[in-house]
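Visitor: Just one file: protein26.cif, with mmCIF, C-alpha atoms.
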data_target
loop_
_atom_site.group_PDB
_atom_site.id
_atom_site.type_symbol
_atom_site.label_atom_id
_atom_site.label_comp_id
_atom_site.auth_asym_id
_atom_site.auth_seq_id
_atom_site.Cartn_x
_atom_site.Cartn_y
_atom_site.Cartn_z
ATOM 1 C CA MET G 267 -72.465 186.049 -34.749
ATOM 2 C CA ASN G 268 -76.064 184.959 -34.189
ATOM 3 C CA ASP G 269 -79.129 186.086 -36.119
ATOM 4 C CA ARG G 270 -80.329 188.335 -33.314
ATOM 5 C CA LYS G 271 -77.086 190.281 -33.126
ATOM 6 C CA ARG G 272 -77.026 190.614 -36.910
ATOM 7 C CA HIS G 273 -80.609 191.918 -36.757
ATOM 8 C CA VAL G 274 -79.572 194.556 -34.203
ATOM 9 C CA LEU G 275 -76.667 195.644 -36.429
ATOM 10 C CA LEU G 276 -78.967 196.046 -39.442
ATOM 11 C CA ILE G 277 -81.491 198.054 -37.400
ATOM 12 C CA ALA G 278 -78.771 200.248 -35.890
ATOM 13 C CA LYS G 279 -77.164 200.890 -39.277
ATOM 14 C CA GLN G 280 -80.453 202.054 -40.779
ATOM 15 C CA LEU G 281 -81.117 204.339 -37.807
ATOM 16 C CA PHE G 282 -77.607 205.806 -38.042
ATOM 17 C CA ILE G 283 -78.166 206.522 -41.743
ATOM 18 C CA ASP G 284 -81.723 207.883 -41.385
ATOM 19 C CA LYS G 285 -81.372 209.930 -38.186
ATOM 20 C CA GLY G 286 -77.626 210.418 -37.989
ATOM 21 C CA PHE G 287 -75.283 208.647 -35.606
ATOM 22 C CA HIS G 288 -75.228 211.341 -32.939
ATOM 23 C CA ALA G 289 -78.992 211.859 -33.069
ATOM 24 C CA THR G 290 -79.654 208.135 -32.608
ATOM 25 C CA SER G 291 -79.777 206.998 -28.987
ATOM 26 C CA ILE G 292 -79.273 203.512 -27.662
ATOM 27 C CA GLN G 293 -82.931 203.632 -26.626
ATOM 28 C CA ASP G 294 -83.866 204.239 -30.272
ATOM 29 C CA ILE G 295 -82.016 201.048 -31.183
ATOM 30 C CA LEU G 296 -83.650 199.109 -28.346
ATOM 31 C CA ASP G 297 -87.121 200.225 -29.422
ATOM 32 C CA ALA G 298 -86.599 199.544 -33.136
ATOM 33 C CA ALA G 299 -84.909 196.172 -32.597
ATOM 34 C CA GLN G 300 -87.283 195.227 -29.765
ATOM 35 C CA ILE G 301 -84.507 194.156 -27.419
ATOM 36 C CA SER G 302 -83.641 194.953 -23.819
ATOM 37 C CA LYS G 303 -80.793 197.193 -22.715
ATOM 38 C CA GLY G 304 -79.093 194.126 -21.229
ATOM 39 C CA THR G 305 -79.178 192.357 -24.599
ATOM 40 C CA PHE G 306 -77.647 195.372 -26.343
ATOM 41 C CA TYR G 307 -74.787 195.594 -23.826
ATOM 42 C CA ASN G 308 -74.256 191.865 -24.114
ATOM 43 C CA TYR G 309 -73.436 192.470 -27.791
ATOM 44 C CA PHE G 310 -71.751 195.909 -27.654
ATOM 45 C CA SER G 311 -70.021 197.884 -24.935
ATOM 46 C CA SER G 312 -71.287 201.191 -26.359
ATOM 47 C CA LYS G 313 -72.994 202.872 -29.301
ATOM 48 C CA ASN G 314 -69.508 203.500 -30.707
ATOM 49 C CA GLU G 315 -68.736 199.784 -30.601
ATOM 50 C CA CYS G 316 -71.991 199.062 -32.438
ATOM 51 C CA LEU G 317 -71.005 201.440 -35.247
ATOM 52 C CA MET G 318 -67.482 200.027 -35.406
ATOM 53 C CA ALA G 319 -68.912 196.499 -35.674
ATOM 54 C CA ILE G 320 -70.974 197.589 -38.684
ATOM 55 C CA LEU G 321 -67.934 199.024 -40.463
ATOM 56 C CA ARG G 322 -65.696 196.139 -39.414
ATOM 57 C CA ASP G 323 -68.059 193.557 -40.887
ATOM 58 C CA ALA G 324 -68.146 195.428 -44.202
ATOM 59 C CA TYR G 325 -64.348 195.532 -44.201
ATOM 60 C CA TYR G 326 -64.143 191.765 -43.697
ATOM 61 C CA ILE G 327 -66.554 191.156 -46.580
ATOM 62 C CA SER G 328 -64.620 193.301 -49.067
ATOM 63 C CA PHE G 329 -61.294 191.888 -47.810
ATOM 64 C CA LEU G 330 -62.466 188.332 -48.454
ATOM 65 C CA ARG G 331 -63.938 189.128 -51.855
ATOM 66 C CA ARG G 332 -60.646 190.681 -52.933
ATOM 67 C CA ASN G 333 -58.593 187.690 -51.883
ATOM 68 C CA GLU G 334 -60.994 185.171 -53.355
ATOM 69 C CA LEU G 335 -61.010 187.055 -56.659
ATOM 70 C CA ALA G 336 -57.218 186.753 -56.839
ATOM 71 C CA ILE G 337 -57.052 182.972 -56.331
ATOM 72 C CA GLY G 338 -55.295 181.483 -59.343
ATOM 73 C CA LYS G 339 -54.908 184.904 -61.002
ATOM 74 C CA ASP G 340 -51.784 186.791 -62.091
ATOM 75 C CA LEU G 341 -51.052 189.344 -59.341
ATOM 76 C CA THR G 342 -49.020 191.439 -61.789
ATOM 77 C CA ASP G 343 -52.120 192.141 -63.891
ATOM 78 C CA PRO G 344 -53.260 195.785 -63.396
ATOM 79 C CA ALA G 345 -56.797 194.769 -64.391
ATOM 80 C CA LEU G 346 -56.963 192.424 -61.397
ATOM 81 C CA LEU G 347 -55.884 195.231 -59.067
ATOM 82 C CA SER G 348 -58.530 197.515 -60.575
ATOM 83 C CA ALA G 349 -61.215 194.888 -59.978
ATOM 84 C CA GLN G 350 -60.040 194.363 -56.398
ATOM 85 C CA ILE G 351 -60.090 198.091 -55.624
ATOM 86 C CA GLU G 352 -63.566 198.392 -57.102
ATOM 87 C CA ILE G 353 -64.826 195.658 -54.769
ATOM 88 C CA ARG G 354 -64.298 197.965 -51.779
ATOM 89 C CA LEU G 355 -66.204 200.783 -53.489
ATOM 90 C CA THR G 356 -69.023 198.414 -54.433
ATOM 91 C CA THR G 357 -69.283 197.082 -50.868
ATOM 92 C CA ASN G 358 -69.483 200.587 -49.435
ATOM 93 C CA ARG G 359 -72.189 201.488 -51.951
ATOM 94 C CA GLU G 360 -74.180 198.275 -51.487
ATOM 95 C CA GLN G 361 -74.261 198.745 -47.733
ATOM 96 C CA ASN G 362 -74.726 202.525 -47.910
ATOM 97 C CA LEU G 363 -71.717 203.129 -45.682
ATOM 98 C CA LEU G 364 -70.550 206.501 -47.005
ATOM 99 C CA PRO G 365 -72.882 208.520 -44.720
ATOM 100 C CA LEU G 366 -71.460 206.635 -41.739
ATOM 101 C CA PHE G 367 -67.861 207.329 -42.759
ATOM 102 C CA GLU G 368 -68.686 211.001 -43.262
ATOM 103 C CA THR G 369 -70.242 211.137 -39.790
ATOM 104 C CA ILE G 370 -67.078 209.758 -38.213
ATOM 105 C CA VAL G 371 -64.714 211.974 -40.192
ATOM 106 C CA HIS G 372 -66.479 215.045 -38.798
ATOM 107 C CA SER G 373 -66.961 213.569 -35.339
ATOM 108 C CA PRO G 374 -65.161 214.974 -32.274
ATOM 109 C CA ASP G 375 -65.064 211.444 -30.847
ATOM 110 C CA ASP G 376 -61.426 210.352 -30.784
ATOM 111 C CA GLU G 377 -62.243 206.640 -30.491
ATOM 112 C CA LEU G 378 -64.229 206.670 -33.730
ATOM 113 C CA ARG G 379 -61.708 208.797 -35.588
ATOM 114 C CA GLN G 380 -58.873 206.485 -34.540
ATOM 115 C CA PHE G 381 -60.875 203.507 -35.736
ATOM 116 C CA VAL G 382 -61.450 205.014 -39.178
ATOM 117 C CA LYS G 383 -57.801 206.086 -39.387
ATOM 118 C CA GLN G 384 -56.850 202.478 -38.740
ATOM 119 C CA MET G 385 -59.116 201.335 -41.587
ATOM 120 C CA HIS G 386 -57.651 204.012 -43.843
ATOM 121 C CA PHE G 387 -54.076 202.904 -43.132
ATOM 122 C CA ARG G 388 -55.032 199.267 -43.650
ATOM 123 C CA GLU G 389 -56.341 200.169 -47.102
ATOM 124 C CA LEU G 390 -53.149 202.083 -47.934
ATOM 125 C CA ALA G 391 -51.013 199.147 -46.765
ATOM 126 C CA TRP G 392 -52.970 196.760 -48.982
ATOM 127 C CA ILE G 393 -52.776 199.042 -52.046
ATOM 128 C CA ALA G 394 -49.043 199.610 -51.507
ATOM 129 C CA LYS G 395 -48.395 195.862 -51.392
ATOM 130 C CA ARG G 396 -50.447 195.248 -54.527
ATOM 131 C CA LEU G 397 -48.675 198.040 -56.404
ATOM 132 C CA VAL G 398 -45.393 196.233 -55.724
ATOM 133 C CA ASN G 399 -46.959 193.080 -57.190
ATOM 134 C CA VAL G 400 -47.958 194.987 -60.333
ATOM 135 C CA TYR G 401 -44.929 197.244 -60.872
ATOM 136 C CA GLY G 402 -42.152 195.173 -59.322
ATOM 137 C CA GLU G 403 -39.703 195.572 -56.454
ATOM 138 C CA GLU G 404 -38.305 198.847 -57.797
ATOM 139 C CA ILE G 405 -41.481 200.639 -56.696
ATOM 140 C CA LYS G 406 -41.184 199.395 -53.113
ATOM 141 C CA PRO G 407 -39.472 202.524 -51.687
ATOM 142 C CA TYR G 408 -42.251 204.649 -53.219
ATOM 143 C CA ALA G 409 -45.184 202.269 -52.737
ATOM 144 C CA TYR G 410 -46.924 204.240 -49.986
ATOM 145 C CA ASP G 411 -46.549 207.536 -51.831
ATOM 146 C CA CYS G 412 -48.096 205.926 -54.914
ATOM 147 C CA ALA G 413 -50.824 204.267 -52.839
ATOM 148 C CA SER G 414 -51.666 207.642 -51.268
ATOM 149 C CA LEU G 415 -51.944 209.256 -54.697
ATOM 150 C CA LEU G 416 -54.159 206.466 -56.031
ATOM 151 C CA PHE G 417 -56.380 206.288 -52.960
ATOM 152 C CA GLY G 418 -56.641 210.072 -52.657
ATOM 153 C CA PHE G 419 -57.568 210.525 -56.311
ATOM 154 C CA ILE G 420 -60.398 208.002 -56.020
ATOM 155 C CA GLN G 421 -61.730 209.390 -52.735
ATOM 156 C CA HIS G 422 -61.697 212.995 -53.939
ATOM 157 C CA ALA G 423 -63.295 212.093 -57.270
ATOM 158 C CA LEU G 424 -66.094 210.289 -55.403
ATOM 159 C CA SER G 425 -66.621 213.310 -53.168
ATOM 160 C CA VAL G 426 -66.741 215.755 -56.087
ATOM 161 C CA TRP G 427 -69.141 213.499 -58.008
ATOM 162 C CA LYS G 428 -71.472 213.111 -55.044
ATOM 163 C CA SER G 429 -71.596 216.853 -54.371
ATOM 164 C CA SER G 430 -72.125 217.724 -58.041
ATOM 165 C CA THR G 431 -74.701 215.276 -59.385
ATOM 166 C CA THR G 432 -77.260 212.637 -58.454
ATOM 167 C CA GLU G 433 -76.269 210.585 -61.491
ATOM 168 C CA HIS G 434 -74.963 207.085 -60.753
ATOM 169 C CA MET G 435 -71.179 206.818 -60.977
ATOM 170 C CA ASP G 436 -69.521 203.928 -62.791
ATOM 171 C CA THR G 437 -66.920 203.185 -60.112
ATOM 172 C CA MET G 438 -65.095 200.659 -62.288
ATOM 173 C CA LYS G 439 -64.618 203.335 -64.923
ATOM 174 C CA LEU G 440 -63.188 205.648 -62.264
ATOM 175 C CA VAL G 441 -60.759 203.016 -60.971
ATOM 176 C CA GLU G 442 -59.598 202.148 -64.482
ATOM 177 C CA PHE G 443 -59.074 205.855 -65.233
ATOM 178 C CA VAL G 444 -56.910 206.274 -62.128
ATOM 179 C CA MET G 445 -54.941 203.097 -62.855
ATOM 180 C CA GLN G 446 -54.189 204.381 -66.363
ATOM 181 C CA ARG G 447 -52.785 207.567 -64.821
ATOM 182 C CA MET G 448 -50.633 205.471 -62.496
ATOM 183 C CA GLU G 449 -48.936 203.936 -65.543
ATOM 184 C CA VAL G 450 -47.463 207.379 -66.190
ATOM 185 C CA ILE G 451 -46.974 208.497 -62.579
ATOM 186 C CA VAL G 452 -45.189 205.410 -61.249
ATOM 187 C CA PRO G 453 -42.265 205.347 -63.730
ATOM 188 C CA ASP G 454 -41.801 209.101 -63.258
ATOM 189 C CA ILE G 455 -41.656 208.764 -59.454
ATOM 190 C CA ILE G 456 -39.086 205.970 -59.749
ATOM 191 C CA GLU G 457 -36.979 207.887 -62.292
ATOM 192 C CA ARG G 458 -36.965 211.057 -60.161
ATOM 193 C CA ASP G 459 -36.490 209.137 -56.900
ATOM 194 C CA ALA G 460 -39.400 211.246 -55.622
ATOM 195 C CA ARG G 461 -40.587 210.538 -52.080
ATOM 196 C CA PHE G 462 -42.812 212.559 -49.785
ATOM 197 C CA LEU G 463 -43.753 210.315 -46.856
ATOM 198 C CA SER G 464 -40.963 210.042 -44.269
ATOM 199 C CA GLN G 465 -39.728 206.745 -42.840
ATOM 200 C CA ASN G 466 -41.058 207.636 -39.386
ATOM 201 C CA LEU G 467 -44.488 208.347 -40.823
ATOM 202 C CA LEU G 468 -44.465 205.059 -42.727
ATOM 203 C CA GLU G 469 -43.597 203.150 -39.569
ATOM 204 C CA ASP G 470 -46.480 204.842 -37.735
ATOM 205 C CA MET G 471 -48.859 203.973 -40.582
ATOM 206 C CA LEU G 472 -47.778 200.333 -40.620
ATOM 207 C CA ALA G 473 -48.244 200.052 -36.863
ATOM 208 C CA ALA G 474 -51.701 201.641 -37.075
ATOM 209 C CA ALA G 475 -52.685 199.333 -39.934
ATOM 210 C CA GLU G 476 -52.711 196.279 -37.658
ATOM 211 C CA PHE G 477 -56.463 195.898 -37.978
ATOM 212 C CA TYR G 478 -56.802 192.317 -36.827
ATOM 213 C CA PRO G 479 -53.564 191.223 -35.146
ATOM 214 C CA MET G 480 -53.730 187.481 -34.469
ATOM 215 C CA THR G 481 -50.912 185.015 -33.933
ATOM 216 C CA ARG G 482 -51.083 181.522 -35.391
ATOM 217 C CA GLU G 483 -51.705 180.113 -31.900
ATOM 218 C CA VAL G 484 -54.630 182.466 -31.239
ATOM 219 C CA LEU G 485 -56.052 181.770 -34.697
ATOM 220 C CA ILE G 486 -55.929 178.004 -34.094
ATOM 221 C CA GLU G 487 -57.547 178.481 -30.690
ATOM 222 C CA SER G 488 -60.321 180.639 -32.187
ATOM 223 C CA LEU G 489 -61.028 178.108 -34.939
ATOM 224 C CA GLN G 490 -61.058 175.245 -32.444
ATOM 225 C CA LYS G 491 -63.535 177.098 -30.239
ATOM 226 C CA PHE G 492 -65.655 177.706 -33.338
ATOM 227 C CA ILE G 493 -65.588 173.963 -34.119
ATOM 228 C CA ASP G 494 -66.473 172.994 -30.553
ATOM 229 C CA GLU G 495 -69.596 175.178 -30.694
ATOM 230 C CA LEU G 496 -70.794 173.987 -34.105
ATOM 231 C CA PRO G 497 -74.174 172.236 -34.228
ATOM 232 C CA GLU G 498 -74.118 168.634 -35.431
ATOM 233 C CA GLU G 499 -75.862 169.464 -38.722
ATOM 234 C CA GLU G 500 -72.878 171.623 -39.785
ATOM 235 C CA SER G 501 -70.890 168.577 -40.870
ATOM 236 C CA GLN G 502 -69.483 170.107 -44.076
ATOM 237 C CA GLY G 503 -68.497 173.315 -42.351
ATOM 238 C CA SER G 504 -66.919 171.305 -39.547
ATOM 239 C CA LEU G 505 -64.717 169.434 -42.038
ATOM 240 C CA TYR G 506 -63.397 172.669 -43.563
ATOM 241 C CA SER G 507 -62.879 174.171 -40.111
ATOM 242 C CA GLN G 508 -60.909 171.160 -38.904
ATOM 243 C CA PHE G 509 -58.804 171.170 -42.062
ATOM 244 C CA LEU G 510 -57.800 174.783 -41.367
ATOM 245 C CA VAL G 511 -56.876 173.923 -37.782
ATOM 246 C CA ASP G 512 -54.817 170.910 -38.862
ATOM 247 C CA GLU G 513 -53.001 172.821 -41.598
ATOM 248 C CA LEU G 514 -52.298 175.822 -39.370
ATOM 249 C CA SER G 515 -50.903 173.407 -36.777
ATOM 250 C CA SER G 516 -48.427 171.892 -39.240
ATOM 251 C CA ASP G 517 -44.907 173.279 -39.478
ATOM 252 C CA PRO G 518 -44.835 175.112 -41.733
ATOM 253 C CA PRO G 519 -48.451 175.492 -42.865
ATOM 254 C CA ARG G 520 -48.921 175.045 -46.599
ATOM 255 C CA LEU G 521 -50.240 178.441 -47.624
ATOM 256 C CA TYR G 522 -51.560 177.283 -50.990
ATOM 257 C CA LEU G 523 -53.794 174.756 -49.224
ATOM 258 C CA LEU G 524 -55.073 177.370 -46.788
ATOM 259 C CA GLU G 525 -55.896 179.612 -49.766
ATOM 260 C CA SER G 526 -57.789 176.812 -51.501
ATOM 261 C CA VAL G 527 -59.904 175.881 -48.464
ATOM 262 C CA VAL G 528 -60.634 179.182 -46.687
ATOM 263 C CA ARG G 529 -63.173 180.233 -49.311
ATOM 264 C CA SER G 530 -65.020 176.906 -49.040
ATOM 265 C CA PHE G 531 -64.996 177.337 -45.258
ATOM 266 C CA ARG G 532 -66.643 180.762 -45.538
ATOM 267 C CA GLU G 533 -69.183 179.639 -48.147
ATOM 268 C CA ALA G 534 -70.198 176.631 -45.998
ATOM 269 C CA PHE G 535 -71.751 179.028 -43.491
ATOM 270 C CA GLU G 536 -73.406 181.483 -45.918
ATOM 271 C CA GLY G 537 -76.985 182.176 -44.885
ATOM 272 C CA SER G 538 -76.540 180.610 -41.449
ATOM 273 C CA GLU G 539 -76.408 182.370 -38.098
ATOM 274 C CA LEU G 540 -72.665 181.645 -38.070
ATOM 275 C CA GLN G 541 -72.022 183.524 -41.332
ATOM 276 C CA LEU G 542 -70.440 186.672 -39.881
ATOM 277 C CA GLN G 543 -68.324 184.712 -37.416
ATOM 278 C CA ALA G 544 -67.046 182.595 -40.314
ATOM 279 C CA ILE G 545 -66.276 185.785 -42.256
ATOM 280 C CA GLU G 546 -64.224 187.158 -39.351
ATOM 281 C CA LEU G 547 -62.259 183.921 -39.034
ATOM 282 C CA SER G 548 -61.713 183.758 -42.815
ATOM 283 C CA ALA G 549 -60.337 187.308 -42.750
ATOM 284 C CA ALA G 550 -57.942 186.318 -39.965
ATOM 285 C CA VAL G 551 -56.744 183.311 -41.995
ATOM 286 C CA TRP G 552 -56.107 185.522 -45.034
ATOM 287 C CA LEU G 553 -54.131 187.997 -42.924
ATOM 288 C CA PHE G 554 -52.037 185.103 -41.637
ATOM 289 C CA ILE G 555 -51.417 183.988 -45.229
ATOM 290 C CA HIS G 556 -50.343 187.473 -46.284
ATOM 291 C CA LYS G 557 -47.959 187.878 -43.347
ATOM 292 C CA SER G 558 -46.431 184.468 -44.040
ATOM 293 C CA GLN G 559 -45.736 185.046 -47.739
#
Using structure tokens, write down the structure from this file.

Guide:
Amino acid sequence: MNDRKRHVLLIAKQLFIDKGFHATSIQDILDAAQISKGTFYNYFSSKNECLMAILRDAYYISFLRRNELAIGKDLTDPALLSAQIEIRLTTNREQNLLPLFETIVHSPDDELRQFVKQMHFRELAWIAKRLVNVYGEEIKPYAYDCASLLFGFIQHALSVWKSSTTEHMDTMKLVEFVMQRMEVIVPDIIERDARFLSQNLLEDMLAAAEFYPMTREVLIESLQKFIDELPEEESQGSLYSQFLVDELSSDPPRLYLLESVVRSFREAFEGSELQLQAIELSAAVWLFIHKSQ
């Protein structure tokens, strides 16, 4: 993603927050960003797509931070899971995304609501998988029920706090509080064989959680296209990019090597006009790693 497109996203996000998404017109964005209508439609097919790009970029950032935090760490450690969950809350707060999510939740627009539902299910799928890491295979049949309880508790607590006080919330304290409750809830659910979510519903959720479906072949092709378009001065970034292509092309790819290099690949483009594109590709590599484990 180039600097100009990133500039348009930042302008649009601020307008959506200040004026409201529905009250902001494409013309408002054109005027504030000082671009033509043709330039806007070259970047986004609609105002909806512009908003989804804003939320998608934030998702990629938190997704990468979570995975990078876990490199070399013990996945069974509840403290690591707490820190990873808090990253998402911190990202949403840093980028002031809550007003945008609230706008979509109450929107009659089906496209936007489906998009947010997809993000919601992706988060549940990630939490469910991490709960299995922490509590072992015996929680697997109940993982989505437990993930729903954990996620719902946090979301409702945030909503109550926001509507009740202007005081800053310590989100890490909230996550740790909820994780401590899970230490009691999880064994009880397993002992009682207590399940609420049906198998059909779980299958629907898993299908909807496919946020960035990409085969190994498409991922290699995307990385190769990225390499081909790199300027000559990006020599370090080009080396990391080529390493990822070569490793993904091997049979089978060595996942531990992909894990060790993908962060360096992303960091090589920090502050450049290719930063967000590198973030998107890094997220795709991490999803490939997770699906291959």

Visitor: Record the distance separating atom CA of G:Thr481 and atom CA of G:Gln543, expressed in Å with one decimal.

Guide: 17.8 Å

Visitor: Around the point (-82.2, 200.8, -29.3) (coordinates from the file), which residues reach within 12 Å if we count all atoms listed in the file? Answer as number ranges by chain.

Guide: G: 273-282, 290-307, 310, 312-313, 316

Visitor: In Å, rounded to a single decimal, give me how far atom CA of G:Ile327 is from atom CA of G:Leu390.

Guide: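 Pair atom CA of G:Leu390 / atom CA of G:Ile327 returns 17.3 Å.
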
Visitor: Using all atoms listed in the file, which of the listed residues (G:Ile393, G:Ala534, G:Leu489, G:Val551) sits closest to G:Pro519?

Guide: G:Val551

Visitor: Work out how far atom CA of G:Gln361 is from atom CA of G:Ile320, in Å to one decimal.

Guide: 9.7 Å

Visitor: What residues come out when you apply the PyMOL selection byres ((chain G and resi 505-510) around 7) to this file, written as a list of chain:residue names?

Guide: G:Leu489, G:Ile493, G:Ser501, G:Gln502, G:Gly503, G:Ser504, G:Val511, G:Asp512, G:Glu513, G:Leu514, G:Leu524, G:Val527, G:Phe531

Visitor: I'd like the residues picked by the PyMOL selection byres ((chain G and resi 445) around 9) written out as a PyMOL selection string, using the chain letters and numbers from the file.

Guide: chain G and resi 344-345+347-348+416+440-444+446-449

Visitor: Would you mind listing what lies within 10 Å of G:Leu547 as a VMD selection string, with only C-alpha atoms counted and same-chain residues fewer than 6 positions away left out?

Guide: chain G and resid 326 485 to 486 488 to 489 492 507 528 531 to 532 553

Visitor: For stretch 520-533 of chain G, write N, CA, C and O atoms out as a PDB file, in the first residue's frame.

Guide:
ATOM      1  N   ARG G 520       9.628 -25.541   6.164  1.00  0.00           N
ATOM      2  CA  ARG G 520      10.020 -25.653   7.577  1.00  0.00           C
ATOM      3  C   ARG G 520       9.369 -24.487   8.338  1.00  0.00           C
ATOM      4  O   ARG G 520       9.785 -23.328   8.212  1.00  0.00           O
ATOM      5  N   LEU G 521       8.360 -24.819   9.106  1.00  0.00           N
ATOM      6  CA  LEU G 521       7.541 -23.786   9.744  1.00  0.00           C
ATOM      7  C   LEU G 521       8.350 -22.960  10.742  1.00  0.00           C
ATOM      8  O   LEU G 521       8.123 -21.755  10.876  1.00  0.00           O
ATOM      9  N   TYR G 522       9.290 -23.590  11.422  1.00  0.00           N
ATOM     10  CA  TYR G 522      10.073 -22.849  12.413  1.00  0.00           C
ATOM     11  C   TYR G 522      10.930 -21.777  11.747  1.00  0.00           C
ATOM     12  O   TYR G 522      11.187 -20.711  12.326  1.00  0.00           O
ATOM     13  N   LEU G 523      11.369 -22.037  10.512  1.00  0.00           N
ATOM     14  CA  LEU G 523      12.145 -21.034   9.786  1.00  0.00           C
ATOM     15  C   LEU G 523      11.252 -19.898   9.297  1.00  0.00           C
ATOM     16  O   LEU G 523      11.649 -18.735   9.327  1.00  0.00           O
ATOM     17  N   LEU G 524      10.049 -20.233   8.844  1.00  0.00           N
ATOM     18  CA  LEU G 524       9.106 -19.195   8.448  1.00  0.00           C
ATOM     19  C   LEU G 524       8.791 -18.286   9.634  1.00  0.00           C
ATOM     20  O   LEU G 524       8.758 -17.060   9.508  1.00  0.00           O
ATOM     21  N   GLU G 525       8.577 -18.891  10.805  1.00  0.00           N
ATOM     22  CA  GLU G 525       8.302 -18.113  12.020  1.00  0.00           C
ATOM     23  C   GLU G 525       9.445 -17.162  12.343  1.00  0.00           C
ATOM     24  O   GLU G 525       9.229 -16.015  12.742  1.00  0.00           O
ATOM     25  N   SER G 526      10.678 -17.638  12.167  1.00  0.00           N
ATOM     26  CA  SER G 526      11.840 -16.838  12.555  1.00  0.00           C
ATOM     27  C   SER G 526      12.114 -15.686  11.592  1.00  0.00           C
ATOM     28  O   SER G 526      12.727 -14.690  11.974  1.00  0.00           O
ATOM     29  N   VAL G 527      11.645 -15.798  10.344  1.00  0.00           N
ATOM     30  CA  VAL G 527      11.970 -14.793   9.336  1.00  0.00           C
ATOM     31  C   VAL G 527      10.831 -13.819   9.071  1.00  0.00           C
ATOM     32  O   VAL G 527      11.067 -12.662   8.717  1.00  0.00           O
ATOM     33  N   VAL G 528       9.574 -14.243   9.276  1.00  0.00           N
ATOM     34  CA  VAL G 528       8.444 -13.399   8.878  1.00  0.00           C
ATOM     35  C   VAL G 528       8.432 -12.077   9.651  1.00  0.00           C
ATOM     36  O   VAL G 528       8.053 -11.028   9.103  1.00  0.00           O
ATOM     37  N   ARG G 529       8.869 -12.081  10.882  1.00  0.00           N
ATOM     38  CA  ARG G 529       8.914 -10.831  11.638  1.00  0.00           C
ATOM     39  C   ARG G 529       9.974  -9.889  11.052  1.00  0.00           C
ATOM     40  O   ARG G 529       9.725  -8.681  10.905  1.00  0.00           O
ATOM     41  N   SER G 530      11.143 -10.436  10.716  1.00  0.00           N
ATOM     42  CA  SER G 530      12.191  -9.607  10.116  1.00  0.00           C
ATOM     43  C   SER G 530      11.732  -9.038   8.776  1.00  0.00           C
ATOM     44  O   SER G 530      12.041  -7.903   8.425  1.00  0.00           O
ATOM     45  N   PHE G 531      10.975  -9.844   8.033  1.00  0.00           N
ATOM     46  CA  PHE G 531      10.410  -9.384   6.759  1.00  0.00           C
ATOM     47  C   PHE G 531       9.509  -8.175   6.986  1.00  0.00           C
ATOM     48  O   PHE G 531       9.641  -7.149   6.308  1.00  0.00           O
ATOM     49  N   ARG G 532       8.605  -8.274   7.962  1.00  0.00           N
ATOM     50  CA  ARG G 532       7.693  -7.158   8.237  1.00  0.00           C
ATOM     51  C   ARG G 532       8.463  -5.928   8.692  1.00  0.00           C
ATOM     52  O   ARG G 532       8.212  -4.807   8.216  1.00  0.00           O
ATOM     53  N   GLU G 533       9.404  -6.120   9.623  1.00  0.00           N
ATOM     54  CA  GLU G 533      10.141  -4.982  10.184  1.00  0.00           C
ATOM     55  C   GLU G 533      11.009  -4.295   9.133  1.00  0.00           C
ATOM     56  O   GLU G 533      11.286  -3.092   9.248  1.00  0.00           O
TER      57      GLU G 533
END
